[in-house]
$ cat protein-v4.pdb   # PDB, C-alpha atoms and all ligand atoms
ATOM      1  CA  MET A   1      -2.514 -32.977  29.561
ATOM      2  CA  ARG A   2      -2.310 -31.026  26.271
ATOM      3  CA  ASN A   3       0.259 -32.267  23.883
ATOM      4  CA  GLU A   4       3.177 -30.175  22.694
ATOM      5  CA  THR A   5       1.778 -29.221  19.272
ATOM      6  CA  GLU A   6      -1.660 -28.336  20.587
ATOM      7  CA  SER A   7      -0.347 -26.085  23.302
ATOM      8  CA  PHE A   8       1.411 -23.911  20.736
ATOM      9  CA  GLY A   9      -1.896 -23.285  18.971
ATOM     10  CA  GLN A  10      -1.595 -20.080  16.916
ATOM     11  CA  SER A  11       1.901 -19.345  18.195
ATOM     12  CA  ALA A  12       5.212 -19.728  16.368
ATOM     13  CA  PRO A  13       6.507 -23.144  15.319
ATOM     14  CA  LEU A  14       8.981 -24.753  17.717
ATOM     15  CA  GLU A  15      11.997 -24.192  15.472
ATOM     16  CA  VAL A  16      11.230 -20.462  15.282
ATOM     17  CA  LYS A  17      11.070 -20.272  19.076
ATOM     18  CA  LEU A  18      14.349 -22.140  19.385
ATOM     19  CA  GLU A  19      16.066 -19.946  16.824
ATOM     20  CA  TRP A  20      14.831 -16.982  18.835
ATOM     21  CA  LYS A  21      16.123 -18.342  22.133
ATOM     22  CA  ILE A  22      19.530 -19.146  20.665
ATOM     23  CA  LYS A  23      19.844 -15.647  19.237
ATOM     24  CA  ALA A  24      18.831 -14.095  22.547
ATOM     25  CA  LEU A  25      21.288 -16.285  24.490
ATOM     26  CA  ARG A  26      24.114 -15.323  22.167
ATOM     27  CA  GLY A  27      23.206 -11.705  22.802
ATOM     28  CA  GLY A  28      22.416 -11.324  19.102
ATOM     29  CA  THR A  29      19.718  -9.011  17.909
ATOM     30  CA  THR A  30      16.222 -10.228  17.258
ATOM     31  CA  MET A  31      14.228  -8.574  14.529
ATOM     32  CA  GLU A  32      13.650  -4.879  14.959
ATOM     33  CA  PHE A  33      10.559  -3.360  13.385
ATOM     34  CA  TRP A  34       8.998   0.056  12.977
ATOM     35  CA  LYS A  35       5.263   0.482  12.687
ATOM     36  CA  ILE A  36       4.606   3.376  10.324
ATOM     37  CA  ASN A  37       1.428   4.620   8.731
ATOM     38  CA  GLY A  38       0.726   6.943   5.851
ATOM     39  CA  ASN A  39      -2.625   8.563   6.657
ATOM     40  CA  GLY A  40      -3.847   5.389   8.330
ATOM     41  CA  ASN A  41      -2.491   2.893   5.766
ATOM     42  CA  ASP A  42      -0.243   0.968   8.172
ATOM     43  CA  PHE A  43       2.894  -1.053   7.625
ATOM     44  CA  ILE A  44       5.369  -3.113   9.609
ATOM     45  CA  THR A  45       8.783  -2.115   8.279
ATOM     46  CA  LEU A  46      11.905  -4.286   8.453
ATOM     47  CA  ASP A  47      15.486  -3.568   7.461
ATOM     48  CA  MET A  48      16.873  -6.565   5.579
ATOM     49  CA  LEU A  49      19.914  -4.892   4.074
ATOM     50  CA  ALA A  50      22.290  -7.282   5.807
ATOM     51  CA  ALA A  51      20.411 -10.553   5.325
ATOM     52  CA  GLN A  52      17.677 -11.204   2.796
ATOM     53  CA  LYS A  53      14.970 -13.846   2.944
ATOM     54  CA  PRO A  54      13.379 -15.665   0.001
ATOM     55  CA  ALA A  55       9.996 -14.377  -1.209
ATOM     56  CA  HIS A  56       7.994 -17.309   0.189
ATOM     57  CA  GLU A  57       9.380 -16.635   3.688
ATOM     58  CA  LEU A  58       8.567 -12.938   3.416
ATOM     59  CA  ALA A  59       5.042 -13.803   2.268
ATOM     60  CA  GLU A  60       4.597 -16.077   5.272
ATOM     61  CA  LEU A  61       6.037 -13.409   7.585
ATOM     62  CA  ALA A  62       3.561 -10.873   6.170
ATOM     63  CA  ARG A  63       0.608 -13.199   6.742
ATOM     64  CA  ARG A  64       1.702 -13.791  10.346
ATOM     65  CA  LEU A  65       2.713 -10.255  11.351
ATOM     66  CA  CYS A  66      -0.259  -8.498   9.725
ATOM     67  CA  ARG A  67      -2.863 -10.389  11.808
ATOM     68  CA  ARG A  68      -4.747  -7.607  13.623
ATOM     69  CA  ARG A  69      -5.246  -9.215  17.024
ATOM     70  CA  ALA A  70      -2.924 -12.196  17.192
ATOM     71  CA  SER A  71       0.149 -10.251  16.057
ATOM     72  CA  VAL A  72       1.375  -6.696  15.403
ATOM     73  CA  GLY A  73      -1.319  -6.135  12.768
ATOM     74  CA  ALA A  74      -0.986  -4.068   9.582
ATOM     75  CA  ASP A  75      -2.182  -3.660   6.012
ATOM     76  CA  GLY A  76       1.216  -4.793   4.762
ATOM     77  CA  LEU A  77       4.859  -5.626   5.400
ATOM     78  CA  LEU A  78       7.532  -3.330   3.965
ATOM     79  CA  ILE A  79      11.069  -4.623   3.473
ATOM     80  CA  VAL A  80      14.264  -2.671   2.784
ATOM     81  CA  GLU A  81      16.692  -4.686   0.653
ATOM     82  CA  PRO A  82      19.968  -3.703  -1.000
ATOM     83  CA  SER A  83      19.964  -2.301  -4.534
ATOM     84  CA  ALA A  84      22.730  -1.992  -7.102
ATOM     85  CA  GLY A  85      21.532   1.202  -8.776
ATOM     86  CA  ALA A  86      19.464   3.017  -6.125
ATOM     87  CA  HIS A  87      19.771   3.708  -2.388
ATOM     88  CA  PHE A  88      17.743   0.586  -1.584
ATOM     89  CA  ARG A  89      15.035  -1.696  -2.866
ATOM     90  CA  MET A  90      11.488  -1.657  -1.464
ATOM     91  CA  ARG A  91       9.320  -4.747  -1.304
ATOM     92  CA  LEU A  92       5.711  -4.739  -0.174
ATOM     93  CA  PHE A  93       3.858  -7.842   0.903
ATOM     94  CA  ASN A  94       0.139  -7.384   1.445
ATOM     95  CA  ALA A  95      -1.572  -8.797   4.546
ATOM     96  CA  ASP A  96      -2.569 -11.896   2.552
ATOM     97  CA  GLY A  97       1.074 -12.569   1.584
ATOM     98  CA  SER A  98       0.797 -11.418  -2.041
ATOM     99  CA  GLU A  99       3.606  -9.167  -3.255
ATOM    100  CA  ALA A 100       2.498  -5.857  -4.796
ATOM    101  CA  GLU A 101       4.449  -4.086  -7.529
ATOM    102  CA  MET A 102       4.138  -0.732  -5.792
ATOM    103  CA  CYS A 103       2.457   1.055  -2.893
ATOM    104  CA  GLY A 104       2.176   4.837  -2.703
ATOM    105  CA  ASN A 105       1.711   5.214   1.048
ATOM    106  CA  GLY A 106       4.161   2.382   1.681
ATOM    107  CA  ALA A 107       6.712   4.172  -0.501
ATOM    108  CA  ARG A 108       6.253   7.357   1.538
ATOM    109  CA  CYS A 109       6.613   5.421   4.807
ATOM    110  CA  ILE A 110       9.690   3.470   3.720
ATOM    111  CA  ALA A 111      11.321   6.700   2.495
ATOM    112  CA  ARG A 112      10.991   8.147   5.992
ATOM    113  CA  PHE A 113      12.279   4.917   7.542
ATOM    114  CA  ALA A 114      15.299   4.851   5.211
ATOM    115  CA  TYR A 115      16.121   8.506   5.836
ATOM    116  CA  GLU A 116      15.791   8.346   9.617
ATOM    117  CA  ARG A 117      17.911   5.198   9.793
ATOM    118  CA  GLY A 118      20.643   6.674   7.609
ATOM    119  CA  VAL A 119      20.065   4.230   4.753
ATOM    120  CA  ALA A 120      19.395   7.079   2.307
ATOM    121  CA  PRO A 121      19.640  10.883   2.153
ATOM    122  CA  ALA A 122      16.499  13.072   2.366
ATOM    123  CA  GLU A 123      16.284  13.026  -1.421
ATOM    124  CA  MET A 124      16.602   9.435  -2.500
ATOM    125  CA  THR A 125      15.838   6.828  -5.110
ATOM    126  CA  PHE A 126      14.642   3.296  -4.543
ATOM    127  CA  GLU A 127      13.776   0.311  -6.654
ATOM    128  CA  THR A 128      10.312  -1.240  -6.749
ATOM    129  CA  LEU A 129       8.771  -3.869  -9.010
ATOM    130  CA  ALA A 130       7.128  -0.924 -10.818
ATOM    131  CA  GLY A 131      10.450   0.846 -11.506
ATOM    132  CA  VAL A 132      12.742   3.275  -9.700
ATOM    133  CA  MET A 133      10.995   5.904  -7.549
ATOM    134  CA  ARG A 134      12.347   9.251  -6.408
ATOM    135  CA  ALA A 135      11.364  10.395  -2.931
ATOM    136  CA  ARG A 136      11.873  13.386  -0.657
ATOM    137  CA  VAL A 137      11.457  13.430   3.124
ATOM    138  CA  GLU A 138      11.031  16.517   5.279
ATOM    139  CA  GLY A 139      10.148  15.801   8.901
ATOM    140  CA  SER A 140       7.040  13.628   8.842
ATOM    141  CA  PHE A 141       6.152  14.712   5.289
ATOM    142  CA  ALA A 142       7.186  12.400   2.468
ATOM    143  CA  GLU A 143       6.573  12.680  -1.255
ATOM    144  CA  ILE A 144       7.173  10.362  -4.178
ATOM    145  CA  ASP A 145       7.683  11.193  -7.822
ATOM    146  CA  LEU A 146       5.699   8.434  -9.485
ATOM    147  CA  GLY A 147       6.831   9.225 -13.012
ATOM    148  CA  GLU A 148       4.338   8.651 -15.786
ATOM    149  CA  GLN A 149       0.837   7.168 -15.709
ATOM    150  CA  SER A 150      -1.391   6.596 -18.698
ATOM    151  CA  PHE A 151      -4.998   5.632 -19.283
ATOM    152  CA  ALA A 152      -6.086   3.129 -21.921
ATOM    153  CA  PRO A 153      -8.514   5.145 -24.088
ATOM    154  CA  ASP A 154     -11.316   2.568 -23.697
ATOM    155  CA  TRP A 155     -11.032   2.873 -19.921
ATOM    156  CA  ILE A 156     -11.811   6.566 -19.657
ATOM    157  CA  ASP A 157     -15.334   7.284 -18.455
ATOM    158  CA  ARG A 158     -16.648   3.767 -18.943
ATOM    159  CA  PRO A 159     -20.136   3.160 -17.524
ATOM    160  CA  LEU A 160     -20.264   0.215 -15.103
ATOM    161  CA  THR A 161     -23.027  -1.197 -12.950
ATOM    162  CA  MET A 162     -23.000  -3.534  -9.978
ATOM    163  CA  ASP A 163     -26.098  -4.715  -8.135
ATOM    164  CA  GLY A 164     -28.154  -1.884  -9.591
ATOM    165  CA  ALA A 165     -25.623   0.851  -8.686
ATOM    166  CA  ALA A 166     -24.363   2.833 -11.699
ATOM    167  CA  PHE A 167     -20.867   4.367 -11.923
ATOM    168  CA  ARG A 168     -18.688   6.407 -14.222
ATOM    169  CA  SER A 169     -15.344   4.624 -14.134
ATOM    170  CA  CYS A 170     -11.717   4.804 -15.162
ATOM    171  CA  PHE A 171      -9.075   2.092 -14.928
ATOM    172  CA  LEU A 172      -5.341   2.693 -14.822
ATOM    173  CA  TRP A 173      -2.086   1.341 -13.419
ATOM    174  CA  VAL A 174      -0.259   3.457 -10.854
ATOM    175  CA  GLY A 175       2.298   0.711 -10.352
ATOM    176  CA  VAL A 176      -0.681  -1.390  -9.245
ATOM    177  CA  PRO A 177      -4.102  -1.671 -10.928
ATOM    178  CA  HIS A 178      -6.884   0.731  -9.923
ATOM    179  CA  LEU A 179     -10.536   0.944 -10.825
ATOM    180  CA  VAL A 180     -11.862   4.405  -9.946
ATOM    181  CA  LEU A 181     -15.630   4.639  -9.512
ATOM    182  CA  PHE A 182     -17.663   7.841  -9.361
ATOM    183  CA  ALA A 183     -21.222   7.338  -8.083
ATOM    184  CA  PRO A 184     -23.993   9.966  -8.209
ATOM    185  CA  GLU A 185     -24.519   9.506  -4.457
ATOM    186  CA  GLU A 186     -22.322   8.770  -1.492
ATOM    187  CA  LEU A 187     -22.189   5.055  -0.671
ATOM    188  CA  SER A 188     -22.032   3.499   2.794
ATOM    189  CA  ARG A 189     -18.827   1.729   3.819
ATOM    190  CA  ASP A 190     -20.683  -1.592   3.645
ATOM    191  CA  ASP A 191     -21.690  -0.876   0.049
ATOM    192  CA  CYS A 192     -18.107   0.117  -0.837
ATOM    193  CA  ARG A 193     -16.812  -3.124   0.667
ATOM    194  CA  ARG A 194     -19.398  -5.281  -1.111
ATOM    195  CA  ILE A 195     -19.128  -3.565  -4.513
ATOM    196  CA  GLY A 196     -15.333  -3.234  -4.240
ATOM    197  CA  ARG A 197     -14.988  -6.927  -3.510
ATOM    198  CA  ALA A 198     -17.212  -7.853  -6.472
ATOM    199  CA  PHE A 199     -15.228  -5.765  -9.006
ATOM    200  CA  ARG A 200     -11.909  -6.872  -7.529
ATOM    201  CA  ALA A 201     -12.913 -10.499  -8.085
ATOM    202  CA  ASP A 202     -14.121  -9.985 -11.685
ATOM    203  CA  ALA A 203     -11.274 -11.709 -13.535
ATOM    204  CA  SER A 204     -12.941 -11.150 -16.923
ATOM    205  CA  LEU A 205     -12.486  -7.378 -16.511
ATOM    206  CA  PHE A 206      -9.347  -7.392 -14.333
ATOM    207  CA  PRO A 207      -7.225 -10.518 -14.785
ATOM    208  CA  GLN A 208      -4.631  -9.290 -12.251
ATOM    209  CA  GLY A 209      -7.297  -8.115  -9.824
ATOM    210  CA  CYS A 210      -7.599  -4.454  -8.904
ATOM    211  CA  ASN A 211      -7.852  -1.972  -6.094
ATOM    212  CA  VAL A 212     -11.209  -0.179  -6.169
ATOM    213  CA  ASN A 213     -11.441   3.534  -5.327
ATOM    214  CA  PHE A 214     -14.807   5.146  -4.622
ATOM    215  CA  ALA A 215     -14.147   8.813  -5.341
ATOM    216  CA  ARG A 216     -16.273  11.975  -5.060
ATOM    217  CA  PRO A 217     -15.505  15.615  -5.768
ATOM    218  CA  VAL A 218     -16.112  17.450  -2.473
ATOM    219  CA  GLY A 219     -14.897  20.948  -3.275
ATOM    220  CA  ARG A 220     -12.630  22.921  -5.524
ATOM    221  CA  GLY A 221      -9.511  20.787  -5.938
ATOM    222  CA  GLU A 222     -10.740  18.276  -3.368
ATOM    223  CA  LEU A 223     -11.888  14.680  -3.560
ATOM    224  CA  SER A 224     -12.947  12.122  -1.015
ATOM    225  CA  ALA A 225     -11.847   8.526  -1.607
ATOM    226  CA  VAL A 226     -12.607   5.184   0.004
ATOM    227  CA  THR A 227     -10.513   2.240  -1.172
ATOM    228  CA  TYR A 228     -11.061  -1.493  -1.287
ATOM    229  CA  GLU A 229      -7.566  -2.976  -1.457
ATOM    230  CA  ARG A 230      -6.401  -6.032  -3.322
ATOM    231  CA  GLY A 231      -4.245  -8.150  -0.999
ATOM    232  CA  VAL A 232      -5.823  -6.728   2.153
ATOM    233  CA  GLU A 233      -9.224  -7.783   0.779
ATOM    234  CA  ASP A 234     -11.018  -5.108   2.720
ATOM    235  CA  LEU A 235     -11.372  -1.333   2.913
ATOM    236  CA  THR A 236      -8.214   0.387   4.145
ATOM    237  CA  ASP A 237      -8.077   3.840   5.726
ATOM    238  CA  SER A 238      -6.003   5.337   2.929
ATOM    239  CA  CYS A 239      -4.373   4.423  -0.356
ATOM    240  CA  GLY A 240      -1.577   6.417  -1.977
ATOM    241  CA  THR A 241      -1.668   5.005  -5.490
ATOM    242  CA  GLY A 242      -5.479   5.075  -5.166
ATOM    243  CA  SER A 243      -5.347   8.791  -4.332
ATOM    244  CA  VAL A 244      -3.329   9.289  -7.527
ATOM    245  CA  ALA A 245      -5.735   7.174  -9.597
ATOM    246  CA  ALA A 246      -8.714   9.123  -8.217
ATOM    247  CA  ALA A 247      -7.076  12.517  -8.814
ATOM    248  CA  LEU A 248      -6.010  11.764 -12.403
ATOM    249  CA  SER A 249      -9.459  10.364 -13.193
ATOM    250  CA  ALA A 250     -11.082  13.512 -11.782
ATOM    251  CA  GLY A 251      -8.673  15.558 -13.897
ATOM    252  CA  LEU A 252      -9.925  13.761 -17.011
ATOM    253  CA  LEU A 253     -13.613  13.484 -16.171
ATOM    254  CA  PHE A 254     -14.262  16.804 -14.438
ATOM    255  CA  GLY A 255     -11.344  18.914 -15.618
ATOM    256  CA  MET A 256     -10.086  19.256 -12.020
ATOM    257  CA  ASP A 257      -6.747  21.052 -11.895
ATOM    258  CA  SER A 258      -3.547  20.057 -10.087
ATOM    259  CA  PRO A 259      -2.912  19.869  -7.158
ATOM    260  CA  ILE A 260      -5.805  17.832  -5.776
ATOM    261  CA  GLU A 261      -6.258  17.071  -2.092
ATOM    262  CA  VAL A 262      -7.572  13.535  -1.715
ATOM    263  CA  HIS A 263      -9.315  13.005   1.617
ATOM    264  CA  ASN A 264      -9.088   9.376   2.659
ATOM    265  CA  PRO A 265     -10.792   8.273   5.909
ATOM    266  CA  GLY A 266      -7.316   8.155   7.534
ATOM    267  CA  GLY A 267      -5.969  11.453   6.184
ATOM    268  CA  THR A 268      -5.244  13.586   3.166
ATOM    269  CA  ASN A 269      -2.861  12.879   0.310
ATOM    270  CA  ARG A 270      -1.834  15.641  -2.063
ATOM    271  CA  VAL A 271      -1.573  14.739  -5.731
ATOM    272  CA  ALA A 272       0.228  17.137  -8.069
ATOM    273  CA  PHE A 273       0.211  16.297 -11.749
ATOM    274  CA  GLU A 274       1.169  17.560 -15.143
ATOM    275  CA  ARG A 275      -0.820  16.475 -18.184
ATOM    276  CA  LEU A 276       1.589  15.356 -20.906
ATOM    277  CA  ASP A 277      -1.069  14.667 -23.526
ATOM    278  CA  GLY A 278      -4.688  13.442 -23.718
ATOM    279  CA  THR A 279      -4.121  10.306 -21.647
ATOM    280  CA  ARG A 280      -0.641  10.621 -20.091
ATOM    281  CA  PHE A 281       0.299  12.300 -16.807
ATOM    282  CA  ARG A 282       3.336  12.864 -14.595
ATOM    283  CA  THR A 283       2.527  12.691 -10.904
ATOM    284  CA  VAL A 284       3.910  13.522  -7.469
ATOM    285  CA  LEU A 285       2.193  12.110  -4.366
ATOM    286  CA  GLY A 286       2.761  13.738  -0.969
ATOM    287  CA  GLY A 287       1.407  13.449   2.555
ATOM    288  CA  ASP A 288       2.090  12.903   6.208
ATOM    289  CA  THR A 289       3.585   9.782   7.763
ATOM    290  CA  ALA A 290       3.479   8.658  11.398
ATOM    291  CA  VAL A 291       5.971   6.441  13.204
ATOM    292  CA  VAL A 292       3.864   4.852  15.927
ATOM    293  CA  ALA A 293       6.206   2.185  17.295
ATOM    294  CA  LYS A 294       9.799   1.013  17.165
ATOM    295  CA  GLY A 295      10.299  -2.359  18.720
ATOM    296  CA  GLU A 296      11.388  -5.916  18.560
ATOM    297  CA  LEU A 297       9.234  -8.710  17.203
ATOM    298  CA  GLY A 298       8.506 -11.318  19.822
ATOM    299  CA  PRO A 299       8.699 -15.062  19.159
ATOM    300  CA  ASP A 300       4.927 -15.296  18.753
ATOM    301  CA  ALA A 301       4.523 -12.298  16.438
TER
HETATM  302  N1  LIG B   1      -2.049   0.916  -0.124
HETATM  303  C1  LIG B   1      -1.219   1.023  -1.265
HETATM  304  C2  LIG B   1      -1.476   0.102  -2.378
HETATM  305  C3  LIG B   1      -0.970  -1.254  -2.046
HETATM  306  C4  LIG B   1      -1.100  -2.159  -3.219
HETATM  307  C5  LIG B   1      -1.884  -3.378  -3.016
HETATM  308  N2  LIG B   1      -2.985  -3.376  -2.161
HETATM  309  C6  LIG B   1      -2.051  -4.145  -4.287
HETATM  310  O1  LIG B   1      -2.399  -3.616  -5.346
HETATM  311  O2  LIG B   1      -1.808  -5.347  -4.221
HETATM  312  C7  LIG B   1      -0.927   2.441  -1.649
HETATM  313  O3  LIG B   1      -0.890   3.283  -0.768
HETATM  314  O4  LIG B   1      -0.678   2.727  -2.808
END
$ encode --input "protein-v4.pdb" --output "structure tokens" --more "lines below"
Ligand SMILES: N[C@H](CCC[C@H](N)C(=O)O)C(=O)O
Amino acid sequence: MRNETESFGQSAPLEVKLEWKIKALRGGTTMEFWKINGNGNDFITLDMLAAQKPAHELAELARRLCRRRASVGADGLLIVEPSAGAHFRMRLFNADGSEAEMCGNGARCIARFAYERGVAPAEMTFETLAGVMRARVEGSFAEIDLGEQSFAPDWIDRPLTMDGAAFRSCFLWVGVPHLVLFAPEELSRDDCRRIGRAFRADASLFPQGCNVNFARPVGRGELSAVTYERGVEDLTDSCGTGSVAAALSAGLLFGMDSPIEVHNPGGTNRVAFERLDGTRFRTVLGGDTAVVAKGELGPDA
């Protein structure tokens, strides 16, 4: 006979199951979630306006819920918390449990969630660790005013090589750190994953890690971008802040004008920007969002 602990295997600890049962017996609500994606960058979204959890519990929840086969599966966990000065506060925990300062697609998804649930009006503000964002929702379209971004002068058009592959690169923060790489030829997804992982792990260049965007001009005002994401530690199907980083870098390196359509494998983000001076920009990120499920987390999620 299998013992009690073994039989639970990957499933929830006993106390979680009991807490669940008690809640259900009392007729209380279990945890409701929405699964939303922004051009294929997918998030489990929870409303924690009424009761907040400490960061270590949210990190653990993210690690559990984001497992692709054993649980709901996602690139990250988005949380709505109360805010004193804005309509709400957004928190994003990556699939590995790390908390990110900002997330462009996540911000677009949470804006839609907040609007449709009556937490905020269609034009709203919300707090993030990277400052207060302004957002606008219209149907499934959501856009975020990201405020100002600036490039460090020594990180504009810096040549970099990795395993014999040569790149023109730019590095900038769009709430989170991004290394944008332009290669003379298109790289395979395996190469992007391998090279992305190597740069992401290079603490001498990027002490806080980085997201790595492989960008290519593909037409007038159009880029393609493949992103290796910090915290997911793999390629994702789309990255909002990465789309911004790629577009601003293309503005500087190739003189591409605003707006730029950034084609990610999972869909297109539109980046509109205004150049304030040689290295500073103001940016708005827009694109589609998709609500693919509204449900209740089960005890083993
Ligand atoms: N996917 C996100 C970025 C998440 C940030 C995260 N991966 C990190 O830097 O830790 C976006 O749409 O902007």
$ resolve_selection --input "protein-v4.pdb" --expression "the PyMOL selection byres (((chain A and resi 71) around 12) and not hetatm)" --output "PyMOL selection string"
chain A and resi 10-12+44+61-70+72-74+95+297-301
$ residues_around --input "protein-v4.pdb" --residues "Tyr228 (chain A)" --least-positions-apart "4" --cutoff "9 Å" --atoms "all atoms listed in the file" --output "list in words"
Cys192, Arg193, Ile195, Gly196, Arg197, Arg200, Cys210, Asn211, Val212, Asn213, Phe214, Val232, Glu233, Asp234, Leu235, Thr236 and Cys239 of chain A
$ closest_atom_pairs --input "protein-v4.pdb" --of "chain A" --to "ligand LIG 1 (chain B)" --cutoff "7 Å" --atoms "only C-alpha atoms and all ligand atoms" --output "Markdown table"
| residue | atom | partner | partner_atom | distance |
| --- | --- | --- | --- | --- |
| A:Asn41 | CA | B:LIG1 | N1 | 6.2 |
| A:Asn94 | CA | B:LIG1 | N2 | 6.2 |
| A:Ser98 | CA | B:LIG1 | O2 | 7.0 |
| A:Glu99 | CA | B:LIG1 | O2 | 6.7 |
| A:Ala100 | CA | B:LIG1 | O2 | 4.4 |
| A:Met102 | CA | B:LIG1 | C4 | 6.0 |
| A:Cys103 | CA | B:LIG1 | O4 | 3.6 |
| A:Gly104 | CA | B:LIG1 | O4 | 3.6 |
| A:Asn105 | CA | B:LIG1 | O3 | 3.7 |
| A:Gly106 | CA | B:LIG1 | O3 | 5.7 |
| A:Val176 | CA | B:LIG1 | O1 | 4.8 |
| A:Pro177 | CA | B:LIG1 | O1 | 6.2 |
| A:Cys210 | CA | B:LIG1 | O1 | 6.4 |
| A:Asn211 | CA | B:LIG1 | O1 | 5.7 |
| A:Glu229 | CA | B:LIG1 | N2 | 4.7 |
| A:Arg230 | CA | B:LIG1 | N2 | 4.5 |
| A:Gly231 | CA | B:LIG1 | O2 | 4.9 |
| A:Val232 | CA | B:LIG1 | N2 | 6.2 |
| A:Ser238 | CA | B:LIG1 | O3 | 6.6 |
| A:Cys239 | CA | B:LIG1 | O3 | 3.7 |
| A:Gly240 | CA | B:LIG1 | O3 | 3.4 |
| A:Thr241 | CA | B:LIG1 | O4 | 3.7 |
| A:Gly242 | CA | B:LIG1 | O4 | 5.8 |
$ residues_around --input "protein-v4.pdb" --residues "Trp155 (chain A)" --least-positions-apart "6" --cutoff "10 Å" --atoms "only C-alpha atoms" --output "mmCIF file with C-alpha atoms, in the frame of the given file"
data_model
loop_
_atom_site.group_PDB
_atom_site.id
_atom_site.type_symbol
_atom_site.label_atom_id
_atom_site.label_comp_id
_atom_site.auth_asym_id
_atom_site.auth_seq_id
_atom_site.Cartn_x
_atom_site.Cartn_y
_atom_site.Cartn_z
ATOM 1 C CA SER A 169 -15.344 4.624 -14.134
ATOM 2 C CA CYS A 170 -11.717 4.804 -15.162
ATOM 3 C CA PHE A 171 -9.075 2.092 -14.928
ATOM 4 C CA LEU A 172 -5.341 2.693 -14.822
ATOM 5 C CA LEU A 179 -10.536 0.944 -10.825
#
$ resolve_selection --input "protein-v4.pdb" --expression "the PyMOL selection byres (((chain A and resi 259) around 9) and not hetatm)" --output "ChimeraX atom specification"
/A:221-222,247,256-258,260-261,270-273
$ residues_around --input "protein-v4.pdb" --residues "Glu123 (chain A)" --least-positions-apart "4" --cutoff "8 Å" --atoms "all atoms listed in the file" --output "VMD selection string"
chain A and resid 134 to 137
$ residues_around --input "protein-v4.pdb" --residues "Glu116 (chain A)" --least-positions-apart "6" --cutoff "10 Å" --atoms "all atoms listed in the file" --output "compact mmCIF listing (two decimals) with C-alpha atoms, in the coordinates of the input"
# COMPACT_ATOMS: atom_id res chain seq x y z
CA ILE A 110 9.69 3.47 3.72
CA ALA A 122 16.50 13.07 2.37
CA VAL A 137 11.46 13.43 3.12
CA GLY A 139 10.15 15.80 8.90
$ closest_residue --input "protein-v4.pdb" --among "A:Val262, A:Ala165, A:Ala120, A:Ala86" --to "Met133 (chain A)" --atoms "all atoms listed in the file"
A:Ala86
$ closest_residue --input "protein-v4.pdb" --among "A:Gly164, A:Gly97, A:Gly38, A:Gly251" --to "Leu223 (chain A)" --atoms "all atoms listed in the file"
A:Gly251
$ residues_near_point --input "protein-v4.pdb" --point "(15.8, 6.3, -3.0)" --cutoff "12 Å" --atoms "only C-alpha atoms" --output "JSON, numbers by chain"
{"A": [80, 81, 82, 83, 84, 85, 86, 87, 88, 89, 90, 107, 108, 110, 111, 112, 113, 114, 115, 118, 119, 120, 121, 122, 123, 124, 125, 126, 127, 128, 131, 132, 133, 134, 135, 136, 137, 142, 143, 144, 145]}
$ closest_residue --input "protein-v4.pdb" --among "A:Phe254, A:Thr161, A:Arg168, A:Thr227" --to "Asp190 (chain A)" --atoms "all atoms listed in the file"
A:Thr227
$ atom_distance --input "protein-v4.pdb" --atom1 "CA of Val218 (chain A)" --atom2 "CA of Glu186 (chain A)"
10.7 Å
$ atom_distance --input "protein-v4.pdb" --atom1 "CA of Thr30 (chain A)" --atom2 "CA of Cys109 (chain A)"
22.2 Å
$ closest_residue --input "protein-v4.pdb" --among "A:Phe93, A:Phe167, A:Phe182, A:Trp173" --to "Ala59 (chain A)" --atoms "only C-alpha atoms"
A:Phe93
$ atom_distance --input "protein-v4.pdb" --atom1 "CA of Arg158 (chain A)" --atom2 "CA of Ser249 (chain A)"
11.3 Å
$ decode --input "protein-v4.pdb" --residues "region 184-190 of chain A" --atoms "N, CA, C and O atoms" --output "PDB file, in the first residue's frame"
ATOM      1  N   PRO A 184      22.679  39.374 -39.275  1.00  0.00           N
ATOM      2  CA  PRO A 184      22.590  39.534 -40.728  1.00  0.00           C
ATOM      3  C   PRO A 184      21.636  38.508 -41.364  1.00  0.00           C
ATOM      4  O   PRO A 184      21.047  38.755 -42.403  1.00  0.00           O
ATOM      5  N   GLU A 185      21.514  37.340 -40.717  1.00  0.00           N
ATOM      6  CA  GLU A 185      20.622  36.308 -41.264  1.00  0.00           C
ATOM      7  C   GLU A 185      19.618  35.836 -40.223  1.00  0.00           C
ATOM      8  O   GLU A 185      19.863  35.958 -39.023  1.00  0.00           O
ATOM      9  N   GLU A 186      18.536  35.260 -40.730  1.00  0.00           N
ATOM     10  CA  GLU A 186      17.518  34.763 -39.800  1.00  0.00           C
ATOM     11  C   GLU A 186      18.051  33.538 -39.054  1.00  0.00           C
ATOM     12  O   GLU A 186      18.670  32.657 -39.662  1.00  0.00           O
ATOM     13  N   LEU A 187      17.817  33.486 -37.756  1.00  0.00           N
ATOM     14  CA  LEU A 187      18.298  32.352 -36.960  1.00  0.00           C
ATOM     15  C   LEU A 187      17.164  31.367 -36.716  1.00  0.00           C
ATOM     16  O   LEU A 187      15.990  31.748 -36.667  1.00  0.00           O
ATOM     17  N   SER A 188      17.521  30.097 -36.513  1.00  0.00           N
ATOM     18  CA  SER A 188      16.494  29.098 -36.183  1.00  0.00           C
ATOM     19  C   SER A 188      16.036  29.340 -34.742  1.00  0.00           C
ATOM     20  O   SER A 188      16.726  29.990 -33.950  1.00  0.00           O
ATOM     21  N   ARG A 189      14.902  28.774 -34.383  1.00  0.00           N
ATOM     22  CA  ARG A 189      14.415  28.916 -33.005  1.00  0.00           C
ATOM     23  C   ARG A 189      15.396  28.281 -32.014  1.00  0.00           C
ATOM     24  O   ARG A 189      15.612  28.801 -30.933  1.00  0.00           O
ATOM     25  N   ASP A 190      16.009  27.165 -32.422  1.00  0.00           N
ATOM     26  CA  ASP A 190      16.990  26.527 -31.534  1.00  0.00           C
ATOM     27  C   ASP A 190      18.177  27.444 -31.285  1.00  0.00           C
ATOM     28  O   ASP A 190      18.668  27.540 -30.160  1.00  0.00           O
TER      29      ASP A 190
END
